[in-house]
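Below: the structure, in structure tokens.
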Amino acid sequence: MLAKNGGKYILFALAALLLCLFALHAAQRREEAAKPHVLESFRLGTVTRVALYGENAAAEKALAEADKFLREFERIFSVNIASSDISRLNAKAGEWVAVSGECFRLVERARELAELTEGAFNPAIGGVVRLWRTGTPDQRIPERGEIEKALQSCDYRKIESRASEDGRYLRIPRGMELDLGAIAKGRAADMLKEKLREAGVKSAIIDLGGNLDVIGLSPEGRGWRLGLQRPWSPRGEYFGIVEAEDISVVTSGPYERCFEKDGKIYHHIIDPASGFPAESGLSSVTVIDGDSALADALCTALFVMGRDRAAKFLEKNGGVAAVLLSASGKTAFVTPAARKIFRLTDENIALEEIGGGSR
Ligand code: FAD
Ligand code: MG
């Protein structure tokens, strides 16, 4: 009888032990999942940060893949790498150049978005950007004549593409220089998100300097809260918050790359109509969309357009979620789509709706 009961007790103790081990393991997994696995590096000319939430082994593997991906992306798109597709295209302007599928598709997309924005976003602006060298130690104000000459080679409609069984080719006219700086980080974020999702990542935040992207829900199980940077203020000081899941929040602003000369600020977002930094009465534009390349190109374009032209564009292309901040920083122009996910946190800023089609 005693022996029989003893056996029962042992079985009971074993079951309890198993339960404890199971609970411990589950708690450990929960703890692992709540701690981010972070990759921080200097890529795409900026500090990039990828933070994944998930189990240790899988997350570390996904981060290693993310690192490899960003390196490869640079090898295709960086104008600072002589062998990149973009550098070869620029160096061989006037000739057909064989390029990777990634480059072919991004240049085609850039040309389409240039059409859509009537050239406010212009991937063929490289010749003008290079004259200014904004953000480099040689930044300068070019002569008007130099700018006028460079502007003659910025017609994006002259970018040609040809795809056949033997490969993909692009040709730009002699004198033209491509610059995908206003769209490539967005495309990088889109491709990276896809890779991470394929690797099983369910929750992540990717920051590619101005391009914020999130996968799934935050570790707290709700939408991610992403702050919009207050222009000309210390990093991390926000004027509003976007709360959403699986989204890309892209911001363009003059304060990111600029220099001052004789009391005037010259920045890196060029108005293709003048060849000078866009003076459009805005201090920042944010576009929120699932498609980061689209958001990237559009926020540069809307910045160039300024409030009135941007309002007309947004009315015509309804559904774009955008937040534009006036140069004075006193008014935020917000589209109806953005109002659903954006909250102004600075009570000194007035909110005005634009692009709703009511005008
Ligand atoms: P956005 O507003 O998105 O774009 C502005 C940039 O696009 C300008 O800097 C200019 O290059 C171009 N531009 C200006 N006006 C227009 C216009 N009207 N239409 C279209 N384009 C316009 N920077 C470095 O300093 N060193 C590097 O080594 C370096 N490597 C890079 C590698 C890659 C693959 C990429 C994509 C970028 C790299 N950059 C580098 C550039 C940099 O990190 C940013 O991409 C760039 O400064 C613009 O990003 P943004 O989000 O600040 O501005
Ligand atoms: Mg952009």
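Residue numbers start at 1 in each chain; chains themselves are named A, B, ... in the order of the structure tokens; ligands are numbered from 1 in the order shown.
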
Determine, counting only C-alpha atoms, which protein, DNA and RNA residues have an atom within 12 Å of an atom of stretch 92-101 of chain A; residues of the same chain fewer than 2 positions away are not included. Present the result as a PyMOL selection string. chain A and resi 72-73+75-77+82-90+103-108+124+127+153+158-164+166-178

For the selection just defined, write its residues with C-alpha atoms to a file, as a PDB file, in the first residue's frame.
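Result saved to result_24.pdb:
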ATOM      1  CA  GLU A  72      24.797  44.393 -50.374  1.00  0.00           C
ATOM      2  CA  PHE A  73      22.328  47.230 -50.843  1.00  0.00           C
ATOM      3  CA  ARG A  75      27.204  47.860 -53.036  1.00  0.00           C
ATOM      4  CA  ILE A  76      24.416  48.388 -55.594  1.00  0.00           C
ATOM      5  CA  PHE A  77      23.231  51.898 -54.794  1.00  0.00           C
ATOM      6  CA  ALA A  82      32.850  53.151 -57.704  1.00  0.00           C
ATOM      7  CA  SER A  83      31.680  49.666 -58.692  1.00  0.00           C
ATOM      8  CA  SER A  84      28.023  50.209 -57.640  1.00  0.00           C
ATOM      9  CA  ASP A  85      25.360  50.098 -60.351  1.00  0.00           C
ATOM     10  CA  ILE A  86      24.564  53.773 -59.797  1.00  0.00           C
ATOM     11  CA  SER A  87      28.231  54.863 -60.003  1.00  0.00           C
ATOM     12  CA  ARG A  88      28.725  52.844 -63.199  1.00  0.00           C
ATOM     13  CA  LEU A  89      25.576  54.332 -64.729  1.00  0.00           C
ATOM     14  CA  ASN A  90      26.769  57.853 -63.920  1.00  0.00           C
ATOM     15  CA  CYS A 103      18.677  48.724 -59.541  1.00  0.00           C
ATOM     16  CA  PHE A 104      16.546  48.342 -62.664  1.00  0.00           C
ATOM     17  CA  ARG A 105      13.333  48.164 -60.642  1.00  0.00           C
ATOM     18  CA  LEU A 106      14.215  51.056 -58.344  1.00  0.00           C
ATOM     19  CA  VAL A 107      15.188  53.363 -61.214  1.00  0.00           C
ATOM     20  CA  GLU A 108      11.914  52.494 -63.018  1.00  0.00           C
ATOM     21  CA  ALA A 124      18.072  62.839 -62.189  1.00  0.00           C
ATOM     22  CA  GLY A 127      24.433  66.919 -61.171  1.00  0.00           C
ATOM     23  CA  SER A 153      20.832  67.526 -67.725  1.00  0.00           C
ATOM     24  CA  LYS A 158      15.278  60.763 -70.697  1.00  0.00           C
ATOM     25  CA  ILE A 159      16.240  57.813 -68.488  1.00  0.00           C
ATOM     26  CA  GLU A 160      15.912  54.744 -70.711  1.00  0.00           C
ATOM     27  CA  SER A 161      15.439  51.113 -69.734  1.00  0.00           C
ATOM     28  CA  ARG A 162      15.633  47.885 -71.695  1.00  0.00           C
ATOM     29  CA  ALA A 163      15.006  44.375 -70.404  1.00  0.00           C
ATOM     30  CA  SER A 164      15.592  41.262 -72.454  1.00  0.00           C
ATOM     31  CA  ASP A 166      20.291  38.644 -71.795  1.00  0.00           C
ATOM     32  CA  GLY A 167      19.773  41.073 -68.918  1.00  0.00           C
ATOM     33  CA  ARG A 168      18.551  44.444 -67.780  1.00  0.00           C
ATOM     34  CA  TYR A 169      20.043  47.683 -69.044  1.00  0.00           C
ATOM     35  CA  LEU A 170      19.687  51.359 -68.260  1.00  0.00           C
ATOM     36  CA  ARG A 171      20.947  54.392 -70.132  1.00  0.00           C
ATOM     37  CA  ILE A 172      21.051  57.996 -68.991  1.00  0.00           C
ATOM     38  CA  PRO A 173      21.969  60.865 -71.312  1.00  0.00           C
ATOM     39  CA  ARG A 174      25.516  62.217 -71.316  1.00  0.00           C
ATOM     40  CA  GLY A 175      25.846  64.869 -68.592  1.00  0.00           C
ATOM     41  CA  MET A 176      23.089  63.403 -66.392  1.00  0.00           C
ATOM     42  CA  GLU A 177      23.791  62.056 -62.888  1.00  0.00           C
ATOM     43  CA  LEU A 178      21.350  59.891 -60.998  1.00  0.00           C
TER      44      LEU A 178
END

Could the residues of chain A that have an atom at most 6 Å from ligand 2 be listed as JSON lines, each with its closest atom pair and the distance in Å to one decimal, counting only C-alpha atoms and all ligand atoms and ordered by chain and ascending residue number?
{"residue": "A:Ala182", "atom": "CA", "partner": "ligand 2", "partner_atom_place_in_ligand_line": "1 (Mg)", "distance": 3.6}
{"residue": "A:Ile183", "atom": "CA", "partner": "ligand 2", "partner_atom_place_in_ligand_line": "1 (Mg)", "distance": 5.3}
{"residue": "A:Ser252", "atom": "CA", "partner": "ligand 2", "partner_atom_place_in_ligand_line": "1 (Mg)", "distance": 5.9}
{"residue": "A:Asp296", "atom": "CA", "partner": "ligand 2", "partner_atom_place_in_ligand_line": "1 (Mg)", "distance": 3.7}
{"residue": "A:Ala297", "atom": "CA", "partner": "ligand 2", "partner_atom_place_in_ligand_line": "1 (Mg)", "distance": 4.4}
{"residue": "A:Cys299", "atom": "CA", "partner": "ligand 2", "partner_atom_place_in_ligand_line": "1 (Mg)", "distance": 5.4}
{"residue": "A:Thr300", "atom": "CA", "partner": "ligand 2", "partner_atom_place_in_ligand_line": "1 (Mg)", "distance": 4.4}

For ligand 1, which residue among A:Ile247, A:Ile141, A:Met305, A:Val129 is the nearest when counting only C-alpha atoms and all ligand atoms? A:Val129

Per DSSP on the backbone, filter stretch 143-339 of chain A down to the residues in alpha helix (DSSP H) and report them as a PyMOL selection string. chain A and resi 144-151+184-198+292-316+336-339

Tell me, which residues of stretch 67-215 of chain A carry DSSP strand (DSSP E or B), written as a ChimeraX atom specification? /A:97-99,125,160-164,167-171,177,203-208,211-215

Output for the residues just chosen: N, CA and C atoms as a PDB file, in the first residue's frame:
ATOM      1  N   VAL A  97      24.086  50.381 -69.848  1.00  0.00           N
ATOM      2  CA  VAL A  97      24.867  49.738 -68.783  1.00  0.00           C
ATOM      3  C   VAL A  97      24.036  48.582 -68.196  1.00  0.00           C
ATOM      4  N   ALA A  98      24.656  47.402 -68.101  1.00  0.00           N
ATOM      5  CA  ALA A  98      23.965  46.257 -67.493  1.00  0.00           C
ATOM      6  C   ALA A  98      23.875  46.478 -65.986  1.00  0.00           C
ATOM      7  N   VAL A  99      22.667  46.334 -65.439  1.00  0.00           N
ATOM      8  CA  VAL A  99      22.497  46.555 -63.990  1.00  0.00           C
ATOM      9  C   VAL A  99      21.752  45.387 -63.358  1.00  0.00           C
ATOM     10  N   ILE A 125      18.532  64.509 -60.473  1.00  0.00           N
ATOM     11  CA  ILE A 125      19.015  65.804 -59.968  1.00  0.00           C
ATOM     12  C   ILE A 125      20.491  65.744 -59.517  1.00  0.00           C
ATOM     13  N   GLU A 160      16.452  55.833 -69.892  1.00  0.00           N
ATOM     14  CA  GLU A 160      15.912  54.744 -70.711  1.00  0.00           C
ATOM     15  C   GLU A 160      16.169  53.396 -70.047  1.00  0.00           C
ATOM     16  N   SER A 161      15.243  52.462 -70.273  1.00  0.00           N
ATOM     17  CA  SER A 161      15.439  51.113 -69.734  1.00  0.00           C
ATOM     18  C   SER A 161      15.138  50.080 -70.810  1.00  0.00           C
ATOM     19  N   ARG A 162      15.818  48.954 -70.715  1.00  0.00           N
ATOM     20  CA  ARG A 162      15.633  47.885 -71.695  1.00  0.00           C
ATOM     21  C   ARG A 162      15.850  46.550 -70.982  1.00  0.00           C
ATOM     22  N   ALA A 163      14.843  45.699 -71.037  1.00  0.00           N
ATOM     23  CA  ALA A 163      15.006  44.375 -70.404  1.00  0.00           C
ATOM     24  C   ALA A 163      14.811  43.307 -71.464  1.00  0.00           C
ATOM     25  N   SER A 164      15.737  42.372 -71.505  1.00  0.00           N
ATOM     26  CA  SER A 164      15.592  41.262 -72.454  1.00  0.00           C
ATOM     27  C   SER A 164      16.131  40.000 -71.789  1.00  0.00           C
ATOM     28  N   GLY A 167      19.551  40.235 -70.108  1.00  0.00           N
ATOM     29  CA  GLY A 167      19.773  41.073 -68.918  1.00  0.00           C
ATOM     30  C   GLY A 167      18.955  42.348 -68.913  1.00  0.00           C
ATOM     31  N   ARG A 168      19.275  43.180 -67.916  1.00  0.00           N
ATOM     32  CA  ARG A 168      18.551  44.444 -67.780  1.00  0.00           C
ATOM     33  C   ARG A 168      19.546  45.579 -67.951  1.00  0.00           C
ATOM     34  N   TYR A 169      19.127  46.589 -68.716  1.00  0.00           N
ATOM     35  CA  TYR A 169      20.043  47.683 -69.044  1.00  0.00           C
ATOM     36  C   TYR A 169      19.357  49.022 -68.801  1.00  0.00           C
ATOM     37  N   LEU A 170      20.180  49.980 -68.402  1.00  0.00           N
ATOM     38  CA  LEU A 170      19.687  51.359 -68.260  1.00  0.00           C
ATOM     39  C   LEU A 170      20.635  52.279 -69.011  1.00  0.00           C
ATOM     40  N   ARG A 171      20.083  53.395 -69.485  1.00  0.00           N
ATOM     41  CA  ARG A 171      20.947  54.392 -70.132  1.00  0.00           C
ATOM     42  C   ARG A 171      20.461  55.775 -69.727  1.00  0.00           C
ATOM     43  N   GLU A 177      23.331  62.873 -64.025  1.00  0.00           N
ATOM     44  CA  GLU A 177      23.791  62.056 -62.888  1.00  0.00           C
ATOM     45  C   GLU A 177      22.586  61.649 -62.058  1.00  0.00           C
ATOM     46  N   SER A 203       8.001  41.098 -34.820  1.00  0.00           N
ATOM     47  CA  SER A 203       7.979  42.419 -34.202  1.00  0.00           C
ATOM     48  C   SER A 203       9.370  43.053 -34.320  1.00  0.00           C
ATOM     49  N   ALA A 204       9.432  44.203 -34.988  1.00  0.00           N
ATOM     50  CA  ALA A 204      10.749  44.840 -35.172  1.00  0.00           C
ATOM     51  C   ALA A 204      10.587  46.314 -35.474  1.00  0.00           C
ATOM     52  N   ILE A 205      11.648  47.068 -35.196  1.00  0.00           N
ATOM     53  CA  ILE A 205      11.671  48.482 -35.557  1.00  0.00           C
ATOM     54  C   ILE A 205      13.000  48.754 -36.275  1.00  0.00           C
ATOM     55  N   ILE A 206      12.892  49.400 -37.425  1.00  0.00           N
ATOM     56  CA  ILE A 206      14.064  49.662 -38.258  1.00  0.00           C
ATOM     57  C   ILE A 206      14.184  51.177 -38.417  1.00  0.00           C
ATOM     58  N   ASP A 207      15.359  51.705 -38.108  1.00  0.00           N
ATOM     59  CA  ASP A 207      15.570  53.147 -38.254  1.00  0.00           C
ATOM     60  C   ASP A 207      16.734  53.364 -39.209  1.00  0.00           C
ATOM     61  N   LEU A 208      16.410  53.852 -40.409  1.00  0.00           N
ATOM     62  CA  LEU A 208      17.469  54.123 -41.380  1.00  0.00           C
ATOM     63  C   LEU A 208      17.624  55.643 -41.527  1.00  0.00           C
ATOM     64  N   ASN A 211      14.028  57.320 -41.942  1.00  0.00           N
ATOM     65  CA  ASN A 211      13.062  56.289 -42.359  1.00  0.00           C
ATOM     66  C   ASN A 211      12.836  55.351 -41.182  1.00  0.00           C
ATOM     67  N   LEU A 212      11.653  55.450 -40.584  1.00  0.00           N
ATOM     68  CA  LEU A 212      11.325  54.547 -39.462  1.00  0.00           C
ATOM     69  C   LEU A 212      10.324  53.513 -39.959  1.00  0.00           C
ATOM     70  N   ASP A 213      10.634  52.259 -39.736  1.00  0.00           N
ATOM     71  CA  ASP A 213       9.740  51.195 -40.195  1.00  0.00           C
ATOM     72  C   ASP A 213       9.483  50.227 -39.066  1.00  0.00           C
ATOM     73  N   VAL A 214       8.232  49.763 -38.968  1.00  0.00           N
ATOM     74  CA  VAL A 214       7.953  48.769 -37.934  1.00  0.00           C
ATOM     75  C   VAL A 214       7.281  47.546 -38.529  1.00  0.00           C
ATOM     76  N   ILE A 215       7.589  46.407 -37.942  1.00  0.00           N
ATOM     77  CA  ILE A 215       6.940  45.152 -38.318  1.00  0.00           C
ATOM     78  C   ILE A 215       6.024  44.769 -37.161  1.00  0.00           C
TER      79      ILE A 215
END

Compile a residue-level contact table for chain A against ligand 1 at a cut-off of 8 Å, reporting for every qualifying residue the shortest atom pair and its distance in Å to one decimal, with only C-alpha atoms and all ligand atoms counted, rows ordered by chain and ascending number, as a Markdown table.
| residue | atom | partner | partner_atom_place_in_ligand_line | distance |
| --- | --- | --- | --- | --- |
| A:Arg43 | CA | ligand 1 | 30 (N) | 6.8 |
| A:Leu44 | CA | ligand 1 | 32 (C) | 3.5 |
| A:Gly45 | CA | ligand 1 | 29 (C) | 3.3 |
| A:Thr46 | CA | ligand 1 | 43 (O) | 4.8 |
| A:Phe73 | CA | ligand 1 | 34 (C) | 6.2 |
| A:Glu74 | CA | ligand 1 | 34 (C) | 4.2 |
| A:Arg75 | CA | ligand 1 | 34 (C) | 7.3 |
| A:Ile76 | CA | ligand 1 | 34 (C) | 7.2 |
| A:Phe77 | CA | ligand 1 | 34 (C) | 4.4 |
| A:Ser78 | CA | ligand 1 | 34 (C) | 4.0 |
| A:Val79 | CA | ligand 1 | 32 (C) | 6.6 |
| A:Asn80 | CA | ligand 1 | 28 (O) | 5.6 |
| A:Gly119 | CA | ligand 1 | 18 (N) | 7.5 |
| A:Ala120 | CA | ligand 1 | 18 (N) | 5.3 |
| A:Phe121 | CA | ligand 1 | 19 (N) | 3.6 |
| A:Asn122 | CA | ligand 1 | 19 (N) | 3.8 |
| A:Pro123 | CA | ligand 1 | 20 (C) | 4.7 |
| A:Ala124 | CA | ligand 1 | 20 (C) | 7.3 |
| A:Ile125 | CA | ligand 1 | 21 (N) | 6.1 |
| A:Gly126 | CA | ligand 1 | 11 (O) | 6.9 |
| A:Val129 | CA | ligand 1 | 10 (C) | 5.9 |
| A:Thr134 | CA | ligand 1 | 9 (O) | 7.5 |
| A:Gly135 | CA | ligand 1 | 25 (O) | 6.5 |
| A:Thr136 | CA | ligand 1 | 25 (O) | 6.8 |
| A:Asp179 | CA | ligand 1 | 11 (O) | 5.8 |
| A:Leu180 | CA | ligand 1 | 36 (C) | 6.2 |
| A:Gly181 | CA | ligand 1 | 7 (O) | 4.1 |
| A:Ala182 | CA | ligand 1 | 4 (O) | 3.3 |
| A:Ile183 | CA | ligand 1 | 3 (O) | 6.0 |
| A:Ala184 | CA | ligand 1 | 36 (C) | 4.4 |
| A:Lys185 | CA | ligand 1 | 36 (C) | 4.9 |
| A:Ala188 | CA | ligand 1 | 36 (C) | 7.8 |
| A:Gly209 | CA | ligand 1 | 51 (O) | 6.5 |
| A:Gly210 | CA | ligand 1 | 51 (O) | 5.1 |
| A:Asn211 | CA | ligand 1 | 51 (O) | 6.7 |
| A:Val250 | CA | ligand 1 | 51 (O) | 7.6 |
| A:Thr251 | CA | ligand 1 | 51 (O) | 6.7 |
| A:Ser252 | CA | ligand 1 | 2 (O) | 4.3 |
| A:Gly253 | CA | ligand 1 | 2 (O) | 6.5 |
| A:Glu256 | CA | ligand 1 | 52 (O) | 5.8 |
| A:Arg257 | CA | ligand 1 | 52 (O) | 6.8 |
| A:His268 | CA | ligand 1 | 9 (O) | 4.8 |
| A:Ile269 | CA | ligand 1 | 15 (N) | 3.9 |
| A:Ile270 | CA | ligand 1 | 15 (N) | 3.8 |
| A:Asp271 | CA | ligand 1 | 18 (N) | 5.2 |
| A:Pro272 | CA | ligand 1 | 18 (N) | 5.4 |
| A:Pro277 | CA | ligand 1 | 15 (N) | 7.7 |
| A:Asp296 | CA | ligand 1 | 3 (O) | 5.5 |
| A:Ala297 | CA | ligand 1 | 3 (O) | 6.4 |
| A:Cys299 | CA | ligand 1 | 2 (O) | 6.7 |
| A:Thr300 | CA | ligand 1 | 2 (O) | 4.4 |
| A:Ala301 | CA | ligand 1 | 18 (N) | 6.3 |
| A:Phe303 | CA | ligand 1 | 2 (O) | 8.0 |
| A:Val304 | CA | ligand 1 | 18 (N) | 6.4 |

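Between atom CA of A:Cys258 and atom CA of A:Glu112 there is a distance of 28.2 Å.
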
For A:His37, work out the shell of residues within 12 Å, counting only C-alpha atoms and skipping chain neighbours fewer than 4 positions away, then give it as an mmCIF file with N, CA, C and O atoms, in the first residue's frame.
data_model
loop_
_atom_site.group_PDB
_atom_site.id
_atom_site.type_symbol
_atom_site.label_atom_id
_atom_site.label_comp_id
_atom_site.auth_asym_id
_atom_site.auth_seq_id
_atom_site.Cartn_x
_atom_site.Cartn_y
_atom_site.Cartn_z
ATOM 1 N N GLU A 32 12.943 36.742 -23.215
ATOM 2 C CA GLU A 32 13.750 36.886 -24.434
ATOM 3 C C GLU A 32 13.014 37.739 -25.453
ATOM 4 O O GLU A 32 13.573 38.619 -26.087
ATOM 5 N N ALA A 33 11.715 37.439 -25.600
ATOM 6 C CA ALA A 33 10.930 38.124 -26.624
ATOM 7 C C ALA A 33 10.760 39.601 -26.315
ATOM 8 O O ALA A 33 10.582 40.413 -27.208
ATOM 9 N N ARG A 49 19.720 51.473 -37.383
ATOM 10 C CA ARG A 49 19.459 50.653 -36.199
ATOM 11 C C ARG A 49 18.307 49.698 -36.503
ATOM 12 O O ARG A 49 17.243 50.133 -36.965
ATOM 13 N N VAL A 50 18.555 48.426 -36.294
ATOM 14 C CA VAL A 50 17.511 47.420 -36.478
ATOM 15 C C VAL A 50 17.321 46.739 -35.122
ATOM 16 O O VAL A 50 18.275 46.204 -34.559
ATOM 17 N N ALA A 51 16.118 46.797 -34.575
ATOM 18 C CA ALA A 51 15.848 46.151 -33.275
ATOM 19 C C ALA A 51 14.744 45.119 -33.460
ATOM 20 O O ALA A 51 13.641 45.454 -33.909
ATOM 21 N N LEU A 52 15.059 43.881 -33.148
ATOM 22 C CA LEU A 52 14.101 42.793 -33.314
ATOM 23 C C LEU A 52 13.675 42.265 -31.962
ATOM 24 O O LEU A 52 14.468 42.212 -31.035
ATOM 25 N N TYR A 53 12.423 41.842 -31.883
ATOM 26 C CA TYR A 53 11.933 41.203 -30.661
ATOM 27 C C TYR A 53 11.598 39.763 -31.007
ATOM 28 O O TYR A 53 10.923 39.501 -31.990
ATOM 29 N N GLY A 54 12.124 38.837 -30.236
ATOM 30 C CA GLY A 54 11.853 37.429 -30.507
ATOM 31 C C GLY A 54 12.846 36.576 -29.779
ATOM 32 O O GLY A 54 13.617 37.066 -28.956
ATOM 33 N N GLU A 55 12.829 35.275 -30.097
ATOM 34 C CA GLU A 55 13.733 34.365 -29.397
ATOM 35 C C GLU A 55 15.177 34.590 -29.844
ATOM 36 O O GLU A 55 15.431 34.905 -31.004
ATOM 37 N N ASN A 56 16.085 34.387 -28.907
ATOM 38 C CA ASN A 56 17.500 34.716 -29.126
ATOM 39 C C ASN A 56 18.098 34.207 -30.427
ATOM 40 O O ASN A 56 18.571 34.976 -31.243
ATOM 41 N N ALA A 57 18.054 32.886 -30.618
ATOM 42 C CA ALA A 57 18.768 32.293 -31.745
ATOM 43 C C ALA A 57 18.235 32.820 -33.073
ATOM 44 O O ALA A 57 19.009 33.272 -33.930
ATOM 45 N N ALA A 58 16.905 32.813 -33.218
ATOM 46 C CA ALA A 58 16.305 33.245 -34.486
ATOM 47 C C ALA A 58 16.597 34.721 -34.734
ATOM 48 O O ALA A 58 16.905 35.132 -35.861
ATOM 49 N N ALA A 59 16.509 35.543 -33.667
ATOM 50 C CA ALA A 59 16.714 36.985 -33.826
ATOM 51 C C ALA A 59 18.158 37.283 -34.220
ATOM 52 O O ALA A 59 18.416 38.119 -35.086
ATOM 53 N N GLU A 60 19.107 36.604 -33.596
ATOM 54 C CA GLU A 60 20.528 36.856 -33.921
ATOM 55 C C GLU A 60 20.813 36.488 -35.379
ATOM 56 O O GLU A 60 21.540 37.182 -36.071
ATOM 57 N N LYS A 61 20.186 35.418 -35.848
ATOM 58 C CA LYS A 61 20.371 34.981 -37.233
ATOM 59 C C LYS A 61 19.767 36.046 -38.178
ATOM 60 O O LYS A 61 20.371 36.429 -39.174
ATOM 61 N N ALA A 62 18.586 36.525 -37.817
ATOM 62 C CA ALA A 62 17.912 37.525 -38.655
ATOM 63 C C ALA A 62 18.740 38.821 -38.696
ATOM 64 O O ALA A 62 18.838 39.472 -39.736
ATOM 65 N N LEU A 63 19.358 39.180 -37.540
ATOM 66 C CA LEU A 63 20.176 40.407 -37.508
ATOM 67 C C LEU A 63 21.405 40.276 -38.406
ATOM 68 O O LEU A 63 21.788 41.222 -39.104
ATOM 69 N N ALA A 64 22.002 39.081 -38.395
ATOM 70 C CA ALA A 64 23.176 38.859 -39.254
ATOM 71 C C ALA A 64 22.761 39.008 -40.717
ATOM 72 O O ALA A 64 23.486 39.585 -41.529
ATOM 73 N N ALA A 66 20.281 40.865 -41.779
ATOM 74 C CA ALA A 66 19.997 42.289 -41.999
ATOM 75 C C ALA A 66 21.293 43.038 -42.308
ATOM 76 O O ALA A 66 21.357 43.872 -43.216
ATOM 77 N N VAL A 201 10.399 36.975 -38.322
ATOM 78 C CA VAL A 201 10.331 38.081 -37.349
ATOM 79 C C VAL A 201 8.900 38.640 -37.315
ATOM 80 O O VAL A 201 8.314 38.938 -38.353
ATOM 81 N N SER A 203 8.001 41.098 -34.820
ATOM 82 C CA SER A 203 7.979 42.419 -34.202
ATOM 83 C C SER A 203 9.370 43.053 -34.320
ATOM 84 O O SER A 203 10.356 42.474 -33.856
ATOM 85 N N ALA A 204 9.432 44.203 -34.988
ATOM 86 C CA ALA A 204 10.749 44.840 -35.172
ATOM 87 C C ALA A 204 10.587 46.314 -35.474
ATOM 88 O O ALA A 204 9.533 46.755 -35.941
ATOM 89 N N ILE A 205 11.648 47.068 -35.196
ATOM 90 C CA ILE A 205 11.671 48.482 -35.557
ATOM 91 C C ILE A 205 13.000 48.754 -36.275
ATOM 92 O O ILE A 205 14.068 48.361 -35.799
ATOM 93 N N ILE A 206 12.892 49.400 -37.425
ATOM 94 C CA ILE A 206 14.064 49.662 -38.258
ATOM 95 C C ILE A 206 14.184 51.177 -38.417
ATOM 96 O O ILE A 206 13.222 51.836 -38.802
#
